[in-house]
Structure formats: structure tokens, C-alpha cells
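Pasting data_1.txt here (compact mmCIF, C-alpha atoms):
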```txt
# COMPACT_ATOMS: atom_id res chain seq x y z
CA ALA O 19 0.04 20.93 -9.49
CA LEU O 20 3.61 19.64 -9.71
CA ALA O 21 2.57 16.17 -8.54
CA GLU O 22 -0.20 16.06 -11.15
CA MET O 23 2.26 17.12 -13.85
CA ARG O 24 4.57 14.27 -12.85
CA LEU O 25 1.72 11.79 -13.06
CA MET O 26 0.72 13.12 -16.48
CA PHE O 27 4.35 12.69 -17.59
CA TRP O 28 4.23 9.05 -16.52
CA LYS O 29 0.86 8.46 -18.19
CA GLU O 30 2.35 9.68 -21.46
CA THR O 31 5.57 7.75 -20.85
CA VAL O 32 3.71 4.48 -20.21
CA ARG O 33 1.72 5.02 -23.40
CA ASP O 34 4.97 5.53 -25.35
CA ILE O 35 6.65 2.52 -23.71
CA PHE O 36 3.85 0.23 -24.84
CA GLN O 37 4.38 1.62 -28.35
CA GLY O 38 8.02 0.54 -28.16
CA LYS O 39 9.70 3.86 -27.33
CA ALA O 40 10.83 5.66 -24.19
CA PRO O 41 12.16 9.13 -23.34
CA PRO O 42 15.86 9.47 -22.41
CA GLN O 43 15.12 8.86 -18.74
CA PRO O 44 16.77 5.95 -16.82
CA VAL O 45 13.60 4.60 -15.17
CA ALA O 46 11.63 4.83 -18.41
CA ARG O 47 14.37 2.96 -20.31
CA ALA O 48 14.49 0.23 -17.66
CA LEU O 49 10.70 -0.04 -17.75
CA LEU O 50 10.75 -0.37 -21.53
CA LYS O 51 13.06 -3.38 -21.21
CA VAL O 52 10.78 -4.98 -18.58
CA VAL O 53 7.73 -4.47 -20.80
CA GLN O 54 9.54 -5.91 -23.83
CA ASP O 55 10.80 -8.93 -21.86
CA SER O 56 7.74 -9.76 -19.72
CA ARG O 57 4.78 -8.23 -21.58
CA PRO O 58 2.86 -7.11 -18.46
CA SER O 59 -0.60 -5.61 -18.92
CA LYS O 60 -0.74 -1.85 -19.54
CA MET O 61 -4.06 -1.84 -17.67
CA TRP O 62 -2.34 -2.12 -14.28
CA PHE O 63 0.05 0.75 -15.02
CA ASP O 64 -2.95 2.85 -16.01
CA ARG O 65 -4.83 1.79 -12.88
CA ILE O 66 -1.99 2.89 -10.58
CA LEU O 67 -1.65 6.26 -12.29
CA SER O 68 -5.39 6.98 -12.51
CA THR O 69 -5.83 6.07 -8.83
CA ARG O 70 -3.08 8.49 -7.86
CA VAL O 71 -4.57 11.24 -10.03
CA GLU O 72 -8.01 10.73 -8.46
CA ASP O 73 -6.41 10.90 -5.02
CA LEU O 74 -4.74 14.21 -5.87
CA GLN O 75 -8.01 15.61 -7.17
CA ARG O 76 -9.67 14.70 -3.85
CA GLY O 77 -7.59 17.46 -2.31
CA ALA O 78 -7.54 17.92 1.46
CA SER O 79 -10.84 16.09 2.06
CA PRO O 80 -10.44 12.75 3.86
CA PRO O 81 -11.76 9.62 2.11
CA GLU O 82 -15.46 9.06 2.70
CA ASP O 83 -15.34 5.57 4.15
CA LEU O 84 -13.31 2.40 4.59
CA LYS O 85 -14.30 1.14 1.15
CA SER O 86 -12.72 4.26 -0.35
CA ILE O 87 -9.31 3.57 1.15
CA GLU O 88 -9.61 -0.13 0.28
CA ALA O 89 -10.23 0.95 -3.33
CA TYR O 90 -7.17 3.22 -3.15
CA ALA O 91 -5.05 0.33 -1.81
CA GLU O 92 -6.38 -1.98 -4.54
CA GLY O 93 -5.60 0.59 -7.23
CA THR O 94 -2.05 1.15 -6.03
CA SER O 95 -0.53 -1.65 -3.93
CA SER O 96 -2.58 -4.54 -5.36
CA ALA O 97 -2.13 -3.31 -8.93
CA LEU O 98 1.65 -3.19 -8.38
CA LEU O 99 1.59 -6.79 -7.11
CA TYR O 100 -0.39 -7.86 -10.21
CA LEU O 101 2.37 -6.33 -12.35
CA LEU O 102 5.11 -8.03 -10.33
CA LEU O 103 3.34 -11.38 -10.69
CA GLN O 104 3.17 -10.91 -14.44
CA THR O 105 6.86 -9.98 -14.66
CA ALA O 106 7.59 -13.15 -12.65
CA GLY O 107 5.71 -15.14 -15.27
CA VAL O 108 2.66 -15.78 -13.06
CA ARG O 109 -0.70 -15.33 -14.78
CA ASP O 110 -3.03 -17.20 -12.54
CA THR O 111 -6.38 -16.26 -10.99
CA THR O 112 -5.58 -17.70 -7.55
CA SER O 113 -2.36 -15.68 -7.34
CA ASP O 114 -4.27 -12.56 -8.36
CA HIS O 115 -6.83 -13.15 -5.59
CA ALA O 116 -4.02 -13.50 -3.06
CA ALA O 117 -2.31 -10.37 -4.41
CA SER O 118 -5.56 -8.40 -4.16
CA HIS O 119 -5.86 -9.09 -0.43
CA VAL O 120 -2.14 -8.69 0.30
CA GLY O 121 -2.08 -5.41 -1.62
CA LYS O 122 -5.06 -4.05 0.30
CA ALA O 123 -3.37 -4.98 3.60
CA LEU O 124 -0.14 -3.30 2.46
CA GLY O 125 -1.97 -0.19 1.30
CA LEU O 126 -4.00 0.20 4.50
CA CYS O 127 -0.91 -0.29 6.66
CA THR O 128 1.02 2.25 4.61
CA LEU O 129 -1.73 4.81 5.19
CA LEU O 130 -1.82 4.02 8.92
CA ARG O 131 1.98 4.27 9.19
CA GLY O 132 1.85 7.65 7.50
CA THR O 133 -0.95 9.07 9.64
CA ALA O 134 1.28 11.05 12.04
CA HIS O 135 3.48 12.41 9.25
CA LEU O 136 0.50 13.33 7.07
CA ALA O 137 -1.38 14.91 9.99
CA ALA O 138 1.52 17.32 10.46
CA ARG O 139 0.91 18.37 6.86
CA ARG O 140 -2.85 18.70 7.50
CA THR O 141 -3.69 15.64 5.44
CA CYS O 142 -5.92 12.80 6.58
CA TYR O 143 -6.47 9.33 5.11
CA LEU O 144 -8.63 7.99 7.94
CA PRO O 145 -12.24 7.45 6.79
CA ALA O 146 -14.49 10.45 7.41
CA ASP O 147 -17.47 8.30 8.44
CA LEU O 148 -15.44 6.49 11.13
CA MET O 149 -14.00 9.79 12.37
CA MET O 150 -17.52 11.19 12.67
CA LYS O 151 -18.92 8.05 14.30
CA ASN O 152 -16.23 8.15 16.98
CA GLY O 153 -16.32 11.91 17.48
CA VAL O 154 -12.79 12.61 16.21
CA SER O 155 -12.21 15.97 14.53
CA GLN O 156 -9.68 16.52 11.76
CA GLU O 157 -8.23 19.44 13.72
CA SER O 158 -7.46 17.25 16.75
CA LEU O 159 -5.73 14.80 14.39
CA TYR O 160 -3.73 17.61 12.80
CA ARG O 161 -2.65 18.76 16.27
CA GLY O 162 -1.31 15.25 16.93
CA GLU O 163 -3.71 14.58 19.77
CA GLY O 164 -4.06 10.91 20.55
CA SER O 165 -7.29 9.69 22.17
CA GLN O 166 -9.27 6.52 22.77
CA GLU O 167 -11.72 7.69 20.10
CA LEU O 168 -8.93 8.03 17.54
CA SER O 169 -7.55 4.64 18.56
CA ASP O 170 -11.01 3.17 17.90
CA VAL O 171 -10.91 4.56 14.35
CA VAL O 172 -7.40 3.17 13.81
CA PHE O 173 -8.50 -0.19 15.25
CA GLU O 174 -11.25 -0.53 12.62
CA VAL O 175 -8.84 0.21 9.77
CA ALA O 176 -6.17 -2.09 11.23
CA SER O 177 -8.71 -4.89 11.70
CA THR O 178 -9.66 -4.63 8.03
CA ALA O 179 -5.98 -4.81 7.05
CA LYS O 180 -5.51 -7.87 9.28
CA ALA O 181 -8.55 -9.56 7.72
CA HIS O 182 -7.08 -9.02 4.24
CA LEU O 183 -3.78 -10.54 5.39
CA HIS O 184 -5.59 -13.64 6.65
CA GLN O 185 -7.57 -13.91 3.41
CA GLY O 186 -4.42 -13.56 1.33
CA ARG O 187 -2.62 -16.22 3.35
CA ALA O 188 -5.53 -18.61 2.92
CA PHE O 189 -4.19 -19.15 -0.61
CA LEU O 190 -0.81 -20.43 0.62
CA GLY O 191 -0.15 -23.89 -0.75
CA LYS O 192 -2.29 -23.18 -3.80
CA LEU O 193 0.11 -20.81 -5.56
CA PRO O 194 2.87 -21.48 -8.09
CA ASN O 195 6.38 -21.25 -6.62
CA GLU O 196 7.12 -18.11 -8.64
CA ALA O 197 4.35 -16.22 -6.80
CA TYR O 198 5.82 -16.55 -3.31
CA PRO O 199 8.70 -14.04 -3.63
CA VAL O 200 6.20 -11.45 -4.91
CA LEU O 201 3.94 -11.97 -1.90
CA LEU O 202 6.71 -11.85 0.73
CA PRO O 203 5.67 -8.27 1.65
CA THR O 204 2.94 -9.83 3.84
CA VAL O 205 5.63 -10.05 6.54
CA HIS O 206 5.89 -6.26 6.84
CA PRO O 207 2.23 -5.31 7.52
CA ASP O 208 1.91 -8.20 9.95
CA MET O 209 4.80 -6.85 12.04
CA TYR O 210 3.46 -3.30 11.88
CA LEU O 211 -0.04 -4.37 12.96
CA ASP O 212 1.42 -6.28 15.90
CA ALA O 213 3.44 -3.21 16.93
CA LEU O 214 0.37 -0.99 16.55
CA GLU O 215 -1.67 -3.31 18.77
CA LYS O 216 1.04 -3.18 21.47
CA CYS O 217 0.69 0.62 21.36
CA HIS O 218 -3.09 0.30 21.84
CA PHE O 219 -3.62 1.58 18.27
CA ASN O 220 -2.11 4.97 19.06
CA VAL O 221 -0.61 6.07 15.73
CA PHE O 222 1.22 8.92 17.53
CA ASP O 223 3.14 6.56 19.83
CA PRO O 224 6.85 7.53 19.58
CA SER O 225 7.92 3.88 19.23
CA LEU O 226 6.18 3.74 15.82
CA ALA O 227 8.01 6.79 14.46
CA PRO O 228 10.63 6.25 11.73
CA GLY O 229 14.10 6.47 13.21
CA SER O 230 13.07 5.33 16.69
CA ARG O 231 15.06 2.54 18.36
CA SER O 232 12.08 0.18 18.35
CA GLU O 233 11.44 0.96 14.68
CA ALA O 234 15.08 0.14 13.88
CA LEU O 235 14.75 -3.18 15.74
CA LYS O 236 11.54 -3.92 13.81
CA GLN O 237 13.42 -3.35 10.54
CA ILE O 238 16.07 -5.86 11.62
CA ARG O 239 13.40 -8.40 12.56
CA LEU O 240 11.68 -7.70 9.25
CA GLN O 241 14.81 -8.60 7.27
CA ILE O 242 15.25 -11.78 9.33
CA ASN O 243 11.60 -12.75 8.79
CA ILE O 244 11.75 -12.08 5.05
CA GLY O 245 14.89 -14.20 4.79
CA TRP O 246 13.24 -16.99 6.78
CA HIS O 247 10.09 -16.99 4.66
CA ALA O 248 12.15 -16.88 1.46
CA TRP O 249 14.21 -19.86 2.64
CA LYS O 250 11.07 -21.83 3.53
```
Target encoding C-alpha cells, full file:
Amino acid sequence: ALAEMRLMFWKETVRDIFQGKAPPQPVARALLKVVQDSRPSKMWFDRILSTRVEDLQRGASPPEDLKSIEAYAEGTSSALLYLLLQTAGVRDTTSDHAASHVGKALGLCTLLRGTAHLAARRTCYLPADLMMKNGVSQESLYRGEGSQELSDVVFEVASTAKAHLHQGRAFLGKLPNEAYPVLLPTVHPDMYLDALEKCHFNVFDPSLAPGSRSEALKQIRLQINIGWHAWK
């Protein structure tokens, strides 16, 4: 209920911001300035918020299928990239296509990264149809039990994320220069997917946990890779 109230606050705040006013709240005031300076589309703000509200209303039930979590990633991560492109002055169909795929890859990887943490809170974002097909129960996931069957589910989600990364990168060389800094986040899911593959798609592997030594090293490599790609 509290989360839904916060989202309703932001829906009302976004409406007010696009009418030229903002409540006395630091983030809202900063957002008002961005909207006044860059004129991004209100549609993408609304899309992010409505997607989050729909997700809350889904409750404890896992998403039905892979298309459901792709739609969630599109409505959150991709929509945010569309907004960032607009604030960077990029309003171009090719860049939007790239952002759609990159956002879906980011969103799917975020859900995979959070699987162990969410399972401890009895929440599941792995597709119900894939869980059923591979004979994985929600209870075994909540107990933190890794298995080949669970790894097979994770593999299918990770493969979809990887495919979106490849599709997004197919647009490299066709984008305006201003779009590249916005799409630099492609480095992060690529590194996570490589690490996940080395762990045989076991989302409960300790090396993938936040705070682990290998995770800290990945963060260092991530910063190096982002700097390298930005320089290129």
C-alpha cells in the first residue's frame, strides 16, 4: 500500500510538473527544470509509473511468461532510456529502436540479478510458464535451492537478454554521437551475463552476490569498460 501511495504521489507530481509547477521536494524541483529545459515527452514518465503500478497490482504471482517480463523491462528500463535520449537532444527512430533493445536487456538482467534477494522475500520474477515447463516450484526457489532445472529457466531468460543486447548493438554506427553516452549501460548487462554463464546460470552462486569479492572486481572492471567505451 505504501509503495502504491508513493507511485500515486509521483503520478500527480509529474502531472503538475508538466503544468509548470512542482511540490517543495528536491527531486521534483530538479525534474521540473529538466522538463522546462529539454521538453521530454510526458508519455514516457506515465509509462514508467503505470508499469510499476501494474506490477504492484500483480501481487505475489510470478509473471505469466517471458513476454510479460519483456513488457515490464520495456515499460521501465527502455522508457527511461527514451527519456534520457530526449534530454540529450536525440529524437531519432533508430536511437529509439536501439534503446528499446538495450532497455529490455537491462531490465531482464536486473530481474535476474535480483532473483536471490527477491526469493528470500517470497517474490518471483521468473516466468511461470518456464518454471512449470522445467518442473521448478516457487517454494524451491524461495528456499534458495539451486538446480539444473532452475538453471535452464534462467538460461532462457538470459539468452533473451543477450539477444536484445546483440540487436541493440546492431545499430552502432548508425546513431548520432549524442546517443552513445545514453546507451553505455550495455556494458553492465554484458558483464553480468558473462559472469552468470561462468556460474552455469546458477543465480544463487555466492560469487554473484552483492558485496562478494568477485562482484567487487566486476564493478571495477565495469568502470574501466565504461570509461573505455566512452573514450572510444
Could you give me, as a JSON list (two decimals) with C-alpha atoms, in the frame of the given file, the residues within 8 Å of Lys122 of chain O, counting only C-alpha atoms and dropping anything in the same chain fewer than 4 positions from it?
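Saved to out_34.json:
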```json
[["chain", "number", "residue", "atom", "x", "y", "z"],
["O", 88, "GLU", "CA", -9.61, -0.13, 0.28],
["O", 91, "ALA", "CA", -5.05, 0.33, -1.81],
["O", 92, "GLU", "CA", -6.38, -1.98, -4.54],
["O", 95, "SER", "CA", -0.53, -1.65, -3.93],
["O", 96, "SER", "CA", -2.58, -4.54, -5.36],
["O", 118, "SER", "CA", -5.56, -8.40, -4.16],
["O", 126, "LEU", "CA", -4.00, 0.20, 4.50],
["O", 179, "ALA", "CA", -5.98, -4.81, 7.05],
["O", 182, "HIS", "CA", -7.08, -9.02, 4.24]]
```
Requested in this report: Do a neighbour search on Lys29 of chain O at 9 Å with only C-alpha atoms, toss out local chain neighbours closer than 4 positions, and write the hits as number ranges by chain.
Outcome: O: 24-25, 33-34, 63-64, 67-68
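Atom CA of Leu49 of chain O is positioned 21.3 Å from atom CA of Ala117 of chain O.
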Requested in this report: Kindly give the distance, in Å, that separates atom CA of Pro80 of chain O and atom CA of Arg140 of chain O, rounded to a single decimal.
Outcome: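 Atom CA of Arg140 of chain O lies at a distance of 10.3 Å from atom CA of Pro80 of chain O.
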Query raised in the report: Out of O:Ala188, O:Cys217, O:Ile35, O:Met23, which residue has the shortest atom-to-atom distance to Thr112 of chain O when counting all atoms listed in the file?
Result: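 Closest to Thr112 of chain O, using all atoms listed in the file: O:Ala188.
Each of O:Arg139, O:His119, O:Lys85, O:Arg57 was checked against Glu157 of chain O using all atoms listed in the file; the smallest atom-to-atom distance is that of O:Arg139.
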Query raised in the report: Just how far from atom CA of Leu20 of chain O is atom CA of Gly77 of chain O, in Å to one decimal?
Result: 13.6 Å
Query - Residue nearest Ala89 of chain O among O:Ala227, O:Val53, O:Ala123, O:Gly107 (counting all atoms listed in the file) - result: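 Of O:Ala227, O:Val53, O:Ala123, O:Gly107, the one nearest Ala89 of chain O, counting all atoms listed in the file, is O:Ala123.
The smallest atom-to-atom distance between Tyr160 of chain O and any of O:Leu136, O:Val175, O:Met61, O:Ala40, using all atoms listed in the file, is found for O:Leu136.
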Query raised in the report: Got a sec: who's within 12 Å of Lys216 of chain O, counting all atoms listed in the file, leaving out chain neighbours fewer than 4 positions off, as a list in words?
Result: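 Skipping anything fewer than 4 positions along the chain leaves Ser169, Phe173, Met209, Tyr210, Leu211, Asp212, Asn220, Val221, Asp223, Ser225, Leu226 and Ser232 of chain O.
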Query - Counting all atoms listed in the file, the residue of O:Tyr143, O:Arg70, O:Gly38, O:Leu148 that sits nearest Met26 of chain O - result: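 For Met26 of chain O, the nearest of the candidates is O:Arg70.
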